[in-house]
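Structure data follow from run_22.txt (compact mmCIF, N, CA and C atoms):
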# COMPACT_ATOMS: atom_id res chain seq x y z
N MET E 1 -48.70 31.06 72.67
CA MET E 1 -49.48 29.85 72.82
C MET E 1 -49.12 29.20 74.15
N LYS E 2 -50.15 28.81 74.89
CA LYS E 2 -49.93 28.23 76.21
C LYS E 2 -50.03 26.70 76.12
N ALA E 3 -49.05 26.02 76.63
CA ALA E 3 -49.06 24.55 76.64
C ALA E 3 -49.69 24.06 77.93
N VAL E 4 -50.61 23.12 77.78
CA VAL E 4 -51.25 22.53 78.95
C VAL E 4 -50.51 21.23 79.26
N LEU E 5 -49.93 21.18 80.43
CA LEU E 5 -49.17 20.00 80.82
C LEU E 5 -50.08 19.00 81.54
N VAL E 6 -49.85 17.74 81.25
CA VAL E 6 -50.61 16.66 81.87
C VAL E 6 -49.66 15.91 82.79
N PRO E 7 -50.10 15.59 83.99
CA PRO E 7 -49.23 14.82 84.88
C PRO E 7 -48.80 13.50 84.23
N HIS E 8 -47.58 13.08 84.53
CA HIS E 8 -46.98 11.91 83.90
C HIS E 8 -47.82 10.64 84.10
N ASP E 9 -48.33 10.44 85.31
CA ASP E 9 -49.10 9.21 85.58
C ASP E 9 -50.39 9.16 84.75
N ILE E 10 -51.01 10.30 84.52
CA ILE E 10 -52.22 10.34 83.70
C ILE E 10 -51.86 10.08 82.23
N ALA E 11 -50.76 10.64 81.77
CA ALA E 11 -50.33 10.42 80.39
C ALA E 11 -50.00 8.95 80.16
N ILE E 12 -49.33 8.32 81.10
CA ILE E 12 -48.98 6.90 80.97
C ILE E 12 -50.24 6.05 81.00
N LYS E 13 -51.16 6.34 81.89
CA LYS E 13 -52.42 5.58 81.96
C LYS E 13 -53.18 5.70 80.64
N HIS E 14 -53.22 6.90 80.10
CA HIS E 14 -53.91 7.13 78.83
C HIS E 14 -53.25 6.32 77.71
N GLU E 15 -51.92 6.32 77.66
CA GLU E 15 -51.21 5.58 76.62
C GLU E 15 -51.45 4.08 76.75
N ILE E 16 -51.46 3.56 77.98
CA ILE E 16 -51.72 2.14 78.20
C ILE E 16 -53.13 1.77 77.75
N GLU E 17 -54.09 2.64 78.04
CA GLU E 17 -55.47 2.40 77.61
C GLU E 17 -55.57 2.36 76.09
N TRP E 18 -54.89 3.30 75.41
CA TRP E 18 -54.92 3.31 73.95
C TRP E 18 -54.24 2.09 73.35
N GLN E 19 -53.15 1.65 73.97
CA GLN E 19 -52.46 0.45 73.49
C GLN E 19 -53.38 -0.77 73.62
N ALA E 20 -54.11 -0.84 74.71
CA ALA E 20 -55.04 -1.96 74.92
C ALA E 20 -56.17 -1.91 73.89
N LEU E 21 -56.67 -0.73 73.61
CA LEU E 21 -57.73 -0.60 72.61
C LEU E 21 -57.23 -0.98 71.22
N ARG E 22 -56.03 -0.54 70.88
CA ARG E 22 -55.46 -0.90 69.58
C ARG E 22 -55.24 -2.40 69.46
N ALA E 23 -54.74 -3.01 70.53
CA ALA E 23 -54.50 -4.45 70.51
C ALA E 23 -55.82 -5.22 70.38
N ALA E 24 -56.85 -4.76 71.08
CA ALA E 24 -58.16 -5.42 70.99
C ALA E 24 -58.74 -5.27 69.58
N ALA E 25 -58.59 -4.10 68.99
CA ALA E 25 -59.09 -3.88 67.63
C ALA E 25 -58.33 -4.75 66.63
N ASP E 26 -57.02 -4.86 66.79
CA ASP E 26 -56.22 -5.70 65.90
C ASP E 26 -56.61 -7.16 66.04
N THR E 27 -56.85 -7.60 67.27
CA THR E 27 -57.26 -8.98 67.50
C THR E 27 -58.61 -9.24 66.86
N GLN E 28 -59.52 -8.29 66.97
CA GLN E 28 -60.85 -8.45 66.38
C GLN E 28 -60.75 -8.57 64.87
N VAL E 29 -59.91 -7.75 64.26
CA VAL E 29 -59.73 -7.80 62.80
C VAL E 29 -59.16 -9.15 62.41
N GLU E 30 -58.17 -9.65 63.17
CA GLU E 30 -57.58 -10.95 62.86
C GLU E 30 -58.60 -12.06 63.00
N LEU E 31 -59.45 -11.98 64.04
CA LEU E 31 -60.49 -12.99 64.22
C LEU E 31 -61.49 -12.96 63.08
N GLU E 32 -61.87 -11.77 62.64
CA GLU E 32 -62.81 -11.67 61.53
C GLU E 32 -62.19 -12.21 60.25
N ARG E 33 -60.91 -11.94 60.02
CA ARG E 33 -60.24 -12.47 58.83
C ARG E 33 -60.16 -13.98 58.88
N SER E 34 -59.86 -14.54 60.05
CA SER E 34 -59.76 -16.00 60.14
C SER E 34 -61.14 -16.63 60.01
N ASP E 35 -62.19 -15.99 60.53
CA ASP E 35 -63.54 -16.51 60.36
C ASP E 35 -63.93 -16.52 58.89
N ILE E 36 -63.58 -15.46 58.18
CA ILE E 36 -63.89 -15.39 56.75
C ILE E 36 -63.13 -16.47 56.00
N ALA E 37 -61.86 -16.64 56.33
CA ALA E 37 -61.05 -17.66 55.67
C ALA E 37 -61.57 -19.06 55.99
N ASP E 38 -61.95 -19.29 57.25
CA ASP E 38 -62.48 -20.60 57.64
C ASP E 38 -63.79 -20.89 56.93
N SER E 39 -64.66 -19.91 56.86
CA SER E 39 -65.96 -20.14 56.21
C SER E 39 -65.78 -20.34 54.71
N ALA E 40 -64.84 -19.63 54.10
CA ALA E 40 -64.58 -19.82 52.67
C ALA E 40 -63.96 -21.19 52.44
N GLY E 41 -63.07 -21.60 53.31
CA GLY E 41 -62.43 -22.90 53.18
C GLY E 41 -63.41 -24.03 53.38
N SER E 42 -64.33 -23.87 54.31
CA SER E 42 -65.29 -24.94 54.55
C SER E 42 -66.27 -25.07 53.39
N ARG E 43 -66.59 -23.94 52.75
CA ARG E 43 -67.47 -24.02 51.58
C ARG E 43 -66.77 -24.70 50.41
N CYS E 44 -65.50 -24.41 50.25
CA CYS E 44 -64.75 -25.02 49.14
C CYS E 44 -64.45 -26.48 49.42
N ALA E 45 -64.22 -26.83 50.67
CA ALA E 45 -63.80 -28.18 51.01
C ALA E 45 -64.98 -29.14 51.14
N SER E 46 -66.17 -28.65 51.42
CA SER E 46 -67.29 -29.56 51.67
C SER E 46 -67.66 -30.41 50.46
N PRO E 47 -67.66 -29.92 49.22
CA PRO E 47 -67.96 -30.82 48.11
C PRO E 47 -66.91 -31.91 47.95
N MET E 48 -65.66 -31.60 48.22
CA MET E 48 -64.62 -32.61 48.11
C MET E 48 -64.79 -33.67 49.20
N ARG E 49 -65.16 -33.25 50.40
CA ARG E 49 -65.37 -34.22 51.46
C ARG E 49 -66.54 -35.13 51.14
N SER E 50 -67.62 -34.56 50.62
CA SER E 50 -68.79 -35.39 50.34
C SER E 50 -68.51 -36.37 49.21
N SER E 51 -67.72 -35.98 48.22
CA SER E 51 -67.42 -36.91 47.13
C SER E 51 -66.50 -38.03 47.62
N SER E 52 -65.57 -37.72 48.50
CA SER E 52 -64.68 -38.76 49.00
C SER E 52 -65.43 -39.71 49.94
N GLU E 53 -66.40 -39.18 50.66
CA GLU E 53 -67.20 -40.05 51.51
C GLU E 53 -68.04 -41.00 50.68
N ARG E 54 -68.52 -40.50 49.54
CA ARG E 54 -69.33 -41.36 48.67
C ARG E 54 -68.48 -42.47 48.03
N THR E 55 -67.23 -42.18 47.72
CA THR E 55 -66.37 -43.16 47.05
C THR E 55 -65.72 -44.13 48.02
N SER E 56 -65.77 -43.85 49.32
CA SER E 56 -65.13 -44.72 50.28
C SER E 56 -66.14 -45.26 51.28
N PRO E 57 -66.81 -46.36 50.97
CA PRO E 57 -67.83 -46.89 51.89
C PRO E 57 -67.21 -47.53 53.12
N ALA E 58 -65.90 -47.81 53.13
CA ALA E 58 -65.26 -48.42 54.28
C ALA E 58 -65.24 -47.48 55.49
N ARG E 59 -65.33 -46.19 55.24
CA ARG E 59 -65.31 -45.21 56.33
C ARG E 59 -66.60 -45.22 57.12
N ALA E 60 -67.71 -45.66 56.55
CA ALA E 60 -69.00 -45.60 57.21
C ALA E 60 -69.16 -46.63 58.30
Let me see the structure of the file written as structure tokens.
Amino acid sequence: MKAVLVPHDIAIKHEIEWQALRAAADTQVELERSDIADSAGSRCASPMRSSSERTSPARA
């Protein structure tokens, strides 16, 4: 079996590119999770906010 060697600078560049892609994908997943959590929280919290606004006319 013949091994194909890749120059070191190309291997390092390739690894840096993959690390950047992985980091971007992880960030995207985290952003999607936080968006889902924020939207779920806002749906749950909005009835409580509206009821407290109705009971507190001094805020208006």
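The two atoms in question, atom CA of Glu30 of chain E and atom CA of His14 of chain E, are spaced 24.4 Å apart.
Atom CA of Leu21 of chain E is found 18.9 Å from atom N of Ser34 of chain E.
Reported to one decimal place, the separation of atom CA of Lys2 of chain E from atom CA of Trp18 of chain E is 25.5 Å.
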